[in-house]
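Participant: You'll find input-v4.cif just under this line, and it carries mmCIF, C-alpha atoms and all ligand atoms.
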```cif
data_query
#
loop_
_atom_site.label_atom_id
_atom_site.label_comp_id
_atom_site.auth_asym_id
_atom_site.auth_seq_id
_atom_site.Cartn_x
_atom_site.Cartn_y
_atom_site.Cartn_z
CA MET R 1 -131.72 58.89 -53.58
CA SER R 2 -134.34 56.99 -51.61
CA ASN R 3 -136.91 54.68 -53.13
CA THR R 4 -139.72 56.92 -51.94
CA SER R 5 -138.46 59.87 -53.93
CA GLU R 6 -138.03 57.61 -56.99
CA LEU R 7 -141.68 56.65 -56.65
CA ASP R 8 -142.74 60.27 -56.15
CA LYS R 9 -140.94 61.14 -59.35
CA MET R 10 -142.91 58.54 -61.26
CA SER R 11 -146.36 59.48 -59.92
CA ALA R 12 -146.14 63.21 -60.59
CA CYS R 13 -145.04 65.42 -63.45
CA ALA R 14 -141.33 66.10 -62.96
CA ASN R 15 -141.86 69.72 -64.02
CA CYS R 16 -145.11 71.02 -62.52
CA GLY R 17 -145.75 68.38 -59.87
CA LYS R 18 -149.29 67.52 -60.99
CA GLY R 19 -149.97 63.96 -60.10
CA GLU R 20 -152.00 61.00 -61.23
CA GLU R 21 -154.56 61.83 -58.52
CA ALA R 22 -155.60 64.75 -60.72
CA ALA R 23 -156.52 62.19 -63.40
CA ILE R 24 -153.74 63.45 -65.62
CA ASN R 25 -152.20 61.03 -68.07
CA LEU R 26 -148.47 61.15 -67.31
CA LYS R 27 -146.00 60.02 -69.98
CA ALA R 28 -142.53 58.71 -69.16
CA CYS R 29 -139.44 60.19 -70.79
CA THR R 30 -138.81 57.57 -73.49
CA ALA R 31 -135.02 57.99 -73.39
CA CYS R 32 -134.45 57.27 -69.69
CA LYS R 33 -137.83 56.13 -68.28
CA LEU R 34 -136.79 57.85 -65.02
CA VAL R 35 -139.33 60.69 -65.00
CA LYS R 36 -142.86 61.44 -66.20
CA TYR R 37 -144.51 64.55 -67.60
CA CYS R 38 -148.08 65.75 -67.88
CA SER R 39 -147.47 67.48 -71.20
CA ARG R 40 -144.98 68.08 -73.96
CA GLU R 41 -144.62 71.68 -72.70
CA CYS R 42 -143.60 70.46 -69.24
CA GLN R 43 -141.09 68.07 -70.78
CA ILE R 44 -139.49 70.88 -72.80
CA ALA R 45 -139.44 73.24 -69.79
CA HIS R 46 -137.78 70.57 -67.65
CA ARG R 47 -135.19 69.64 -70.28
CA PRO R 48 -132.24 71.83 -69.14
CA GLN R 49 -132.53 70.43 -65.64
CA HIS R 50 -133.11 66.83 -66.73
CA LYS R 51 -130.71 66.54 -69.67
CA LYS R 52 -127.64 65.32 -67.81
CA GLU R 53 -129.36 62.61 -65.79
CA CYS R 54 -131.37 61.57 -68.83
CA LYS R 55 -128.27 61.09 -70.98
CA ARG R 56 -126.48 59.15 -68.24
CA ARG R 57 -129.40 56.76 -67.76
CA ALA R 58 -130.05 56.39 -71.50
CA LYS R 59 -126.42 55.36 -71.97
CA GLU R 60 -126.74 52.90 -69.11
CA LEU R 61 -129.84 51.33 -70.67
CA HIS R 62 -128.09 51.16 -74.04
CA ASP R 63 -125.06 49.43 -72.52
CA GLU R 64 -127.25 46.90 -70.73
CA LYS R 65 -128.58 45.82 -74.12
CA LEU R 66 -125.23 46.10 -75.89
CA PHE R 67 -123.26 43.92 -73.49
CA LYS R 68 -125.65 40.97 -73.45
CA GLN R 69 -124.60 37.66 -74.96
CA PRO R 70 -126.74 37.44 -78.12
CA PRO R 71 -128.71 34.26 -78.78
CA PRO R 72 -126.73 31.80 -80.94
CA ILE R 73 -127.66 31.43 -84.61
CA GLU R 74 -129.90 28.47 -85.28
CA ASP R 75 -128.90 24.83 -85.55
CA CYS R 76 -128.14 23.19 -88.88
CA PRO R 77 -131.50 21.65 -89.95
CA ILE R 78 -129.80 18.41 -91.04
CA CYS R 79 -127.38 17.49 -88.23
CA MET R 80 -129.27 19.62 -85.65
CA ILE R 81 -126.01 21.02 -84.26
CA ARG R 82 -125.35 24.71 -83.73
CA LEU R 83 -124.19 26.40 -86.95
CA PRO R 84 -120.64 27.74 -86.97
CA MET R 85 -120.29 31.47 -86.44
CA LEU R 86 -118.09 32.02 -89.48
CA GLY R 87 -119.79 32.37 -92.85
CA SER R 88 -117.29 29.91 -94.31
CA GLY R 89 -118.73 27.19 -92.07
CA ARG R 90 -122.21 27.29 -93.57
CA VAL R 91 -123.95 27.39 -96.91
CA TYR R 92 -127.13 29.29 -97.72
CA MET R 93 -129.58 27.44 -99.94
CA ALA R 94 -131.72 29.93 -101.83
CA CYS R 95 -134.10 27.13 -102.92
CA CYS R 96 -135.49 26.50 -99.44
CA GLY R 97 -133.90 29.37 -97.52
CA LYS R 98 -132.00 27.03 -95.19
CA LEU R 99 -128.55 27.57 -93.73
CA ILE R 100 -126.75 24.24 -93.78
CA CYS R 101 -123.41 23.49 -92.19
CA ARG R 102 -120.57 22.70 -94.56
CA GLY R 103 -120.12 19.39 -92.79
CA CYS R 104 -123.55 18.26 -93.95
CA VAL R 105 -122.98 19.57 -97.47
CA TYR R 106 -119.66 17.75 -97.60
CA ALA R 107 -121.15 14.50 -96.25
CA PHE R 108 -124.02 14.69 -98.73
CA GLN R 109 -121.74 15.35 -101.70
CA SER R 110 -119.32 12.57 -100.83
CA ARG R 111 -122.22 10.07 -100.87
CA ALA R 112 -124.10 11.52 -103.85
CA THR R 113 -124.04 10.22 -107.41
CA LYS R 114 -122.52 12.53 -110.00
CA LYS R 115 -125.97 13.58 -111.13
CA GLU R 116 -127.10 14.43 -107.61
CA HIS R 117 -123.85 16.02 -106.51
CA ASP R 118 -125.02 19.64 -106.53
CA VAL R 119 -128.65 19.28 -105.49
CA CYS R 120 -129.70 20.93 -102.24
CA PRO R 121 -128.90 18.52 -99.38
CA PHE R 122 -132.02 19.69 -97.59
CA CYS R 123 -134.81 19.96 -100.22
CA ARG R 124 -133.13 18.22 -103.20
CA THR R 125 -133.69 21.12 -105.60
CA PRO R 126 -131.20 20.92 -108.51
CA PRO R 127 -128.70 23.79 -108.77
CA GLN R 128 -129.58 26.77 -110.94
CA LYS R 129 -127.67 26.63 -114.19
CA SER R 130 -127.41 30.29 -115.14
CA ASP R 131 -126.61 33.51 -113.28
CA GLU R 132 -130.01 34.80 -114.24
CA LYS R 133 -131.77 31.80 -112.71
CA LYS R 134 -129.64 32.05 -109.56
CA ILE R 135 -130.66 35.67 -109.09
CA LYS R 136 -134.31 34.74 -109.78
CA GLN R 137 -134.12 32.17 -107.00
CA TYR R 138 -132.75 34.76 -104.57
CA GLU R 139 -135.41 37.24 -105.65
CA LYS R 140 -138.14 34.69 -104.93
CA ARG R 141 -136.78 34.36 -101.40
CA MET R 142 -136.53 38.13 -101.20
CA ASP R 143 -140.28 38.37 -101.90
CA THR R 144 -140.91 36.28 -98.78
CA ASN R 145 -138.85 38.82 -96.75
CA ASP R 146 -136.02 36.36 -96.11
CA PRO R 147 -133.29 38.55 -94.55
CA ILE R 148 -130.45 36.24 -95.63
CA ALA R 149 -131.50 36.34 -99.28
CA ILE R 150 -131.95 40.11 -99.19
CA LYS R 151 -128.56 40.60 -97.55
CA GLY R 152 -127.10 38.17 -100.11
CA ILE R 153 -128.38 40.07 -103.15
CA GLY R 154 -127.07 43.24 -101.53
CA SER R 155 -123.60 41.69 -101.35
CA MET R 156 -123.87 40.56 -104.98
CA TYR R 157 -124.55 44.18 -105.97
CA ARG R 158 -121.57 45.30 -103.88
CA ASP R 159 -119.30 42.89 -105.75
CA GLY R 160 -121.05 42.92 -109.13
CA ASP R 161 -121.47 39.12 -109.01
CA TYR R 162 -123.78 36.86 -111.04
CA GLY R 163 -124.04 39.37 -113.84
CA LEU R 164 -125.39 42.15 -111.63
CA PRO R 165 -123.89 45.63 -112.08
CA ARG R 166 -121.71 46.78 -109.21
CA ASP R 167 -124.04 49.12 -107.34
CA GLN R 168 -123.14 50.06 -103.77
CA ALA R 169 -126.20 52.31 -103.30
CA LYS R 170 -128.45 49.37 -104.13
CA ALA R 171 -126.38 47.14 -101.82
CA LEU R 172 -126.83 49.56 -98.92
CA GLU R 173 -130.56 49.84 -99.55
CA LEU R 174 -130.93 46.04 -99.46
CA TRP R 175 -128.74 45.68 -96.36
CA HIS R 176 -130.87 48.22 -94.50
CA ARG R 177 -133.96 46.22 -95.39
CA ALA R 178 -132.29 42.93 -94.39
CA GLY R 179 -131.08 44.46 -91.12
CA GLU R 180 -134.57 45.58 -90.21
CA LEU R 181 -135.74 42.03 -90.87
CA GLY R 182 -133.12 40.70 -88.43
CA SER R 183 -129.91 40.17 -90.42
CA ALA R 184 -126.93 40.86 -88.15
CA ASP R 185 -124.56 40.41 -91.09
CA ALA R 186 -126.34 43.13 -93.09
CA TYR R 187 -125.73 45.62 -90.28
CA TYR R 188 -122.10 44.54 -90.14
CA ASN R 189 -121.80 45.27 -93.88
CA ILE R 190 -123.35 48.73 -93.46
CA GLY R 191 -120.82 49.41 -90.68
CA ILE R 192 -117.99 48.45 -93.03
CA ALA R 193 -119.34 50.81 -95.70
CA TYR R 194 -119.28 53.74 -93.23
CA ASP R 195 -115.88 52.71 -91.91
CA THR R 196 -114.28 52.58 -95.35
CA GLY R 197 -116.45 55.13 -97.18
CA ASP R 198 -117.80 52.67 -99.72
CA GLY R 199 -120.87 54.31 -101.27
CA VAL R 200 -121.20 56.74 -98.34
CA GLU R 201 -119.03 59.38 -96.64
CA VAL R 202 -116.70 57.90 -94.01
CA ASP R 203 -118.53 58.26 -90.69
CA GLU R 204 -117.07 56.50 -87.64
CA LYS R 205 -120.12 57.25 -85.49
CA LYS R 206 -122.40 55.58 -87.97
CA ALA R 207 -119.99 52.66 -88.38
CA VAL R 208 -120.15 52.12 -84.62
CA HIS R 209 -123.95 52.46 -84.63
CA TYR R 210 -124.40 49.77 -87.27
CA TRP R 211 -121.76 47.48 -85.77
CA GLU R 212 -123.62 47.77 -82.48
CA LEU R 213 -126.86 46.75 -84.17
CA GLY R 214 -125.03 43.84 -85.81
CA ALA R 215 -123.26 42.82 -82.59
CA MET R 216 -126.49 42.81 -80.58
CA ARG R 217 -128.04 40.51 -83.18
CA GLY R 218 -125.08 38.13 -83.03
CA ASN R 219 -122.44 39.27 -85.54
CA ALA R 220 -119.19 38.52 -83.71
CA GLU R 221 -117.01 40.26 -86.29
CA ALA R 222 -118.85 43.53 -85.68
CA ARG R 223 -118.40 43.04 -81.95
CA ASN R 224 -114.72 42.32 -82.39
CA ASN R 225 -114.37 45.64 -84.24
CA LEU R 226 -116.20 47.48 -81.45
CA GLY R 227 -113.81 45.95 -78.94
CA ALA R 228 -110.81 47.07 -80.98
CA MET R 229 -112.19 50.62 -81.22
CA GLU R 230 -112.76 50.78 -77.46
CA GLY R 231 -109.24 49.46 -76.92
CA ASN R 232 -107.82 52.19 -79.14
CA LEU R 233 -109.69 54.78 -77.07
CA GLY R 234 -108.18 53.33 -73.90
CA ASN R 235 -111.53 51.97 -72.68
CA MET R 236 -110.06 48.61 -71.75
CA ASP R 237 -113.00 47.45 -69.64
CA ARG R 238 -115.39 47.95 -72.55
CA ALA R 239 -112.96 46.32 -74.98
CA LEU R 240 -112.74 43.32 -72.66
CA LYS R 241 -116.54 43.03 -72.38
CA HIS R 242 -116.94 43.03 -76.17
CA TRP R 243 -114.16 40.53 -76.77
CA MET R 244 -115.40 38.22 -74.03
CA ILE R 245 -118.81 38.01 -75.72
CA ALA R 246 -117.25 37.51 -79.16
CA ALA R 247 -114.92 34.81 -77.80
CA ARG R 248 -117.98 32.96 -76.45
CA ASP R 249 -119.40 33.14 -79.97
CA GLY R 250 -116.24 31.59 -81.36
CA TYR R 251 -114.41 34.60 -82.74
CA SER R 252 -110.73 33.68 -82.31
CA ASN R 253 -109.39 37.19 -82.98
CA SER R 254 -111.24 38.41 -79.91
CA LEU R 255 -109.69 35.66 -77.82
CA GLU R 256 -106.33 36.73 -79.23
CA GLY R 257 -107.15 40.32 -78.28
CA ILE R 258 -107.78 39.33 -74.67
CA LYS R 259 -104.49 37.43 -74.64
CA ILE R 260 -102.67 40.60 -75.70
CA MET R 261 -104.56 42.62 -73.08
CA TYR R 262 -103.42 40.15 -70.47
CA LYS R 263 -99.80 40.40 -71.64
CA HIS R 264 -99.96 44.19 -71.37
CA GLY R 265 -101.59 44.09 -67.95
CA ASP R 266 -104.95 45.36 -69.24
CA ALA R 267 -106.73 42.13 -68.35
CA THR R 268 -106.16 39.67 -65.52
CA LYS R 269 -105.03 36.08 -65.78
CA ASP R 270 -108.54 35.08 -64.73
CA ASP R 271 -110.03 37.14 -67.56
CA TYR R 272 -107.86 35.32 -70.08
CA ALA R 273 -108.61 31.92 -68.52
CA LYS R 274 -112.33 32.70 -68.68
CA ALA R 275 -112.06 33.77 -72.34
CA LEU R 276 -110.24 30.55 -73.21
CA GLN R 277 -112.90 28.50 -71.48
CA LEU R 278 -115.77 30.37 -73.16
CA HIS R 279 -114.18 29.94 -76.58
CA GLN R 280 -113.65 26.25 -75.91
CA THR R 281 -117.32 25.87 -74.96
CA TYR R 282 -118.23 27.26 -78.37
CA VAL R 283 -115.79 24.94 -80.14
CA ASP R 284 -117.25 21.93 -78.29
CA GLU R 285 -120.76 23.01 -79.27
CA ILE R 286 -120.12 23.25 -82.98
CA LYS R 287 -117.48 20.57 -83.52
CA THR R 288 -118.44 17.49 -85.54
CA ALA R 289 -116.33 14.97 -87.46
CA GLN R 290 -118.12 15.90 -90.70
CA ARG R 291 -117.32 19.58 -90.23
CA ASP R 292 -113.67 18.81 -89.51
CA GLU R 293 -113.48 16.76 -92.69
CA ALA R 294 -115.15 19.52 -94.72
CA ALA R 295 -112.73 22.09 -93.29
CA ALA R 296 -109.76 19.92 -94.25
CA VAL R 297 -110.91 19.99 -97.88
CA ARG R 298 -110.32 23.61 -98.74
CA GLU R 299 -112.66 24.52 -101.54
CA GLU R 300 -113.01 27.94 -103.07
CA TYR R 301 -116.29 29.05 -101.65
CA LYS R 302 -117.98 32.38 -101.22
CA TYR R 303 -120.65 32.97 -98.63
CA TYR R 304 -123.22 35.65 -99.34
ZN ZN R 401 -146.51 69.10 -65.85
ZN ZN R 402 -135.10 61.35 -69.70
ZN ZN R 403 -125.16 20.08 -90.38
ZN ZN R 404 -133.07 23.60 -100.65
#
```
Can the structure in the file be given as structure tokens, please?
Facilitator:
Amino acid sequence: MSNTSELDKMSACANCGKGEEAAINLKACTACKLVKYCSRECQIAHRPQHKKECKRRAKELHDEKLFKQPPPIEDCPICMIRLPMLGSGRVYMACCGKLICRGCVYAFQSRATKKEHDVCPFCRTPPQKSDEKKIKQYEKRMDTNDPIAIKGIGSMYRDGDYGLPRDQAKALELWHRAGELGSADAYYNIGIAYDTGDGVEVDEKKAVHYWELGAMRGNAEARNNLGAMEGNLGNMDRALKHWMIAARDGYSNSLEGIKIMYKHGDATKDDYAKALQLHQTYVDEIKTAQRDEAAAVREEYKYY
């Protein structure tokens, strides 16, 4: 198809041929942005003819967005170094709404007096003494539309923690709200619910949809799952693309996945070498002595 005909397509209604010269307001097909129409009627009339091309292009546009390296999560506000990808590497402070790396929490606590031990290393707020007060603190953050707090309360309802009743419907409602406000982890959780049928009917299509939303916003676990699903379907090139992105974001299972692909001849030696290098780049970005020390001290710790 020549460029001229592409242009023609965009300056005239794809169905009736009326053009912009007739002062008609043409609207592009929102799914593919390949054609324009003068009216809703023309769009409907043209549908049978356009459907196939439209779907192909819409999928292409979707994949362009899906297979982009997402921006990294923010830096720790204390050490100013990129936060680890895994939830276990960071702590959410519901007092100030900051995510702090466990290295900084560990360093703070090893210097602190007994009295100060559990205050927030960032804003120095003392810890909340009761479950009720803890939930109140989260709810305060929730009122400011903090997606991490909203996702967190959702997870507390899922598990029935801090004296809340176990309520998966409530959890899902909060995760949807948190996802819309930008929480990649909330979308990952919704995907899990559809994958396992927790509070909803099992629905693989919906699981994929929500894992895609999570993956595009930076949840590497969701992306790892998408890679595994593509691998199971025999779509090795798509599996490799997902795992490469997740490996760059530090997800070791995805690196492991690429290693297995290489062993089975589904990925090249260069692919595996590239994945190793990308994963190492991540490790170099997030590694600090404090974080290593914190990781060596294995504390029971739950990240919401
Ligand atoms: Zn028309
Ligand atoms: Zn279209
Ligand atoms: Zn830090
Ligand atoms: Zn704080």
Participant: Please provide as an mmCIF file with C-alpha atoms, keeping the file's coordinate frame all residues within 8 Å of stretch 171-180 of chain R, with the sequence filter that same-chain residues fewer than 3 positions apart are discarded (counting all atoms listed in the file).
Facilitator:
```
data_model
loop_
_atom_site.group_PDB
_atom_site.id
_atom_site.type_symbol
_atom_site.label_atom_id
_atom_site.label_comp_id
_atom_site.auth_asym_id
_atom_site.auth_seq_id
_atom_site.Cartn_x
_atom_site.Cartn_y
_atom_site.Cartn_z
ATOM 1 C CA ASP R 146 -136.020 36.360 -96.110
ATOM 2 C CA PRO R 147 -133.290 38.550 -94.550
ATOM 3 C CA ILE R 148 -130.450 36.240 -95.630
ATOM 4 C CA ILE R 150 -131.950 40.110 -99.190
ATOM 5 C CA LYS R 151 -128.560 40.600 -97.550
ATOM 6 C CA ILE R 153 -128.380 40.070 -103.150
ATOM 7 C CA GLY R 154 -127.070 43.240 -101.530
ATOM 8 C CA SER R 155 -123.600 41.690 -101.350
ATOM 9 C CA MET R 156 -123.870 40.560 -104.980
ATOM 10 C CA TYR R 157 -124.550 44.180 -105.970
ATOM 11 C CA ARG R 158 -121.570 45.300 -103.880
ATOM 12 C CA ASP R 167 -124.040 49.120 -107.340
ATOM 13 C CA GLN R 168 -123.140 50.060 -103.770
ATOM 14 C CA SER R 183 -129.910 40.170 -90.420
ATOM 15 C CA ALA R 184 -126.930 40.860 -88.150
ATOM 16 C CA ASP R 185 -124.560 40.410 -91.090
ATOM 17 C CA ALA R 186 -126.340 43.130 -93.090
ATOM 18 C CA TYR R 187 -125.730 45.620 -90.280
ATOM 19 C CA ASN R 189 -121.800 45.270 -93.880
ATOM 20 C CA ILE R 190 -123.350 48.730 -93.460
ATOM 21 C CA GLY R 199 -120.870 54.310 -101.270
#
```
Participant: Taking 6 positions as the minimum chain separation for residues in the same chain, which residues sit within 10 Å of R:Pro71 when counting only C-alpha atoms? Answer as a list in words.
Facilitator: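 The filter keeps Met216, Arg217, Gly218 and Asp249 of chain R.
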Participant: When you look at stretch 26-38 of chain R with a cut-off of 6 Å (counting only C-alpha atoms), what residues show up, excluding the ones that are within fewer than 6 positions of it in the same chain? I need them as a list of chain:residue names.
Facilitator: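 The contact residues come out as R:Lys9, R:Met10, R:Cys13, R:Ala14, R:Cys54, R:Arg57, R:Ala58.
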Participant: Let me know the centre plus edge lengths, in Å and rounded to one decimal, of a box with edges along x, y and z that contains all listed atoms of stretch 192-207 of chain R and is padded by 8 Å on every side, as lines of an AutoDock Vina configuration file.
Facilitator:
```
center_x = -118.3
center_y = 53.9
center_z = -93.4
size_x = 24.1
size_y = 26.9
size_z = 31.8
```
Participant: What are the closest atom pairs, with distances in Å to one decimal, for each residue of chain R lying within 8 Å of ligand ZN 403 (chain R), using all atoms listed in the file, rows by chain and rising residue number, as a tab-separated table?
Facilitator:
```
residue	atom	partner	partner_atom	distance
R:Asp75	CA	R:ZN403	ZN	7.7
R:Cys76	CA	R:ZN403	ZN	4.6
R:Pro77	CA	R:ZN403	ZN	6.5
R:Ile78	CA	R:ZN403	ZN	5.0
R:Cys79	CA	R:ZN403	ZN	4.0
R:Met80	CA	R:ZN403	ZN	6.3
R:Ile81	CA	R:ZN403	ZN	6.2
R:Leu83	CA	R:ZN403	ZN	7.3
R:Ile100	CA	R:ZN403	ZN	5.6
R:Cys101	CA	R:ZN403	ZN	4.2
R:Arg102	CA	R:ZN403	ZN	6.7
R:Gly103	CA	R:ZN403	ZN	5.6
R:Cys104	CA	R:ZN403	ZN	4.3
R:Val105	CA	R:ZN403	ZN	7.4
R:Arg291	CA	R:ZN403	ZN	7.9
```
Participant: Which is closer to R:Ala239 than all the others in R:Asp118, R:Asp266, R:Asp161, R:Glu221, using all atoms listed in the file?
Facilitator: R:Asp266
Participant: Atom CA of R:Asp284 and atom CA of R:Arg248, how far apart in Å?
Facilitator: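 Spanning atom CA of R:Arg248 to atom CA of R:Asp284 is a straight-line distance of 11.2 Å.
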Participant: Quick one, how far is atom CA of R:Glu293 from atom CA of R:His117?
Facilitator: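 That distance, rounded to one decimal, is 17.3 Å.
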Participant: Residues within 10 Å of ligand ZN 404 (chain R) (only C-alpha atoms and all ligand atoms), as a PDB file with C-alpha atoms, in the frame of the given file?
Facilitator:
```pdb
ATOM      1  CA  TYR R  92    -127.130  29.290 -97.720  1.00  0.00           C
ATOM      2  CA  MET R  93    -129.580  27.440 -99.940  1.00  0.00           C
ATOM      3  CA  ALA R  94    -131.720  29.930-101.830  1.00  0.00           C
ATOM      4  CA  CYS R  95    -134.100  27.130-102.920  1.00  0.00           C
ATOM      5  CA  CYS R  96    -135.490  26.500 -99.440  1.00  0.00           C
ATOM      6  CA  GLY R  97    -133.900  29.370 -97.520  1.00  0.00           C
ATOM      7  CA  LYS R  98    -132.000  27.030 -95.190  1.00  0.00           C
ATOM      8  CA  LEU R  99    -128.550  27.570 -93.730  1.00  0.00           C
ATOM      9  CA  ILE R 100    -126.750  24.240 -93.780  1.00  0.00           C
ATOM     10  CA  VAL R 119    -128.650  19.280-105.490  1.00  0.00           C
ATOM     11  CA  CYS R 120    -129.700  20.930-102.240  1.00  0.00           C
ATOM     12  CA  PRO R 121    -128.900  18.520 -99.380  1.00  0.00           C
ATOM     13  CA  PHE R 122    -132.020  19.690 -97.590  1.00  0.00           C
ATOM     14  CA  CYS R 123    -134.810  19.960-100.220  1.00  0.00           C
ATOM     15  CA  ARG R 124    -133.130  18.220-103.200  1.00  0.00           C
ATOM     16  CA  THR R 125    -133.690  21.120-105.600  1.00  0.00           C
ATOM     17  CA  PRO R 126    -131.200  20.920-108.510  1.00  0.00           C
ATOM     18  CA  PRO R 127    -128.700  23.790-108.770  1.00  0.00           C
TER      19      PRO R 127
END
```
Participant: Rounded to one decimal, what separation in Å do you get between atom CA of R:Gly234 and atom CA of R:Asp270?
Facilitator: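 Taking atom CA of R:Gly234 and atom CA of R:Asp270, their separation equals 20.4 Å.
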Participant: So, with all atoms listed in the file as the atoms that count, which of R:Gly265, R:Gly191, R:Gly197, R:Pro48 lies closest to ligand ZN 402 (chain R)?
Facilitator: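 Of the candidates, the smallest distance to ligand ZN 402 (chain R) is held by R:Pro48.
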Participant: Using all atoms listed in the file, which protein or nucleic acid residues come within 12 Å of R:His209? Drop anything in the same chain fewer than 5 positions from it, and give the result as a PDB file with C-alpha atoms, in the frame of the given file.
Facilitator:
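Result saved to result21.pdb:
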```
ATOM      1  CA  HIS R  62    -128.090  51.160 -74.040  1.00  0.00           C
ATOM      2  CA  LEU R  66    -125.230  46.100 -75.890  1.00  0.00           C
ATOM      3  CA  TYR R 187    -125.730  45.620 -90.280  1.00  0.00           C
ATOM      4  CA  TYR R 188    -122.100  44.540 -90.140  1.00  0.00           C
ATOM      5  CA  ASN R 189    -121.800  45.270 -93.880  1.00  0.00           C
ATOM      6  CA  ILE R 190    -123.350  48.730 -93.460  1.00  0.00           C
ATOM      7  CA  GLY R 191    -120.820  49.410 -90.680  1.00  0.00           C
ATOM      8  CA  ILE R 192    -117.990  48.450 -93.030  1.00  0.00           C
ATOM      9  CA  TYR R 194    -119.280  53.740 -93.230  1.00  0.00           C
ATOM     10  CA  ASP R 195    -115.880  52.710 -91.910  1.00  0.00           C
ATOM     11  CA  ASP R 203    -118.530  58.260 -90.690  1.00  0.00           C
ATOM     12  CA  GLU R 204    -117.070  56.500 -87.640  1.00  0.00           C
ATOM     13  CA  GLY R 214    -125.030  43.840 -85.810  1.00  0.00           C
ATOM     14  CA  ALA R 215    -123.260  42.820 -82.590  1.00  0.00           C
ATOM     15  CA  MET R 216    -126.490  42.810 -80.580  1.00  0.00           C
ATOM     16  CA  ALA R 222    -118.850  43.530 -85.680  1.00  0.00           C
ATOM     17  CA  ARG R 223    -118.400  43.040 -81.950  1.00  0.00           C
ATOM     18  CA  ASN R 225    -114.370  45.640 -84.240  1.00  0.00           C
ATOM     19  CA  LEU R 226    -116.200  47.480 -81.450  1.00  0.00           C
TER      20      LEU R 226
END
```
Participant: Give me the residues within 8 Å of R:Gly250 as a PyMOL selection string, counting all atoms listed in the file and dropping any in the same chain fewer than 6 places off.
Facilitator: chain R and resi 85+220+279+282-283
Participant: Up to 10 Å from (-123.4, 41.1, -70.4) in the file's coordinates: name the residues, counting all atoms listed in the file, as a list in words.
Facilitator: Asp63, Glu64, Lys65, Leu66, Phe67, Lys68, Gln69, Pro70, Lys241, His242, Met244 and Ile245 of chain R
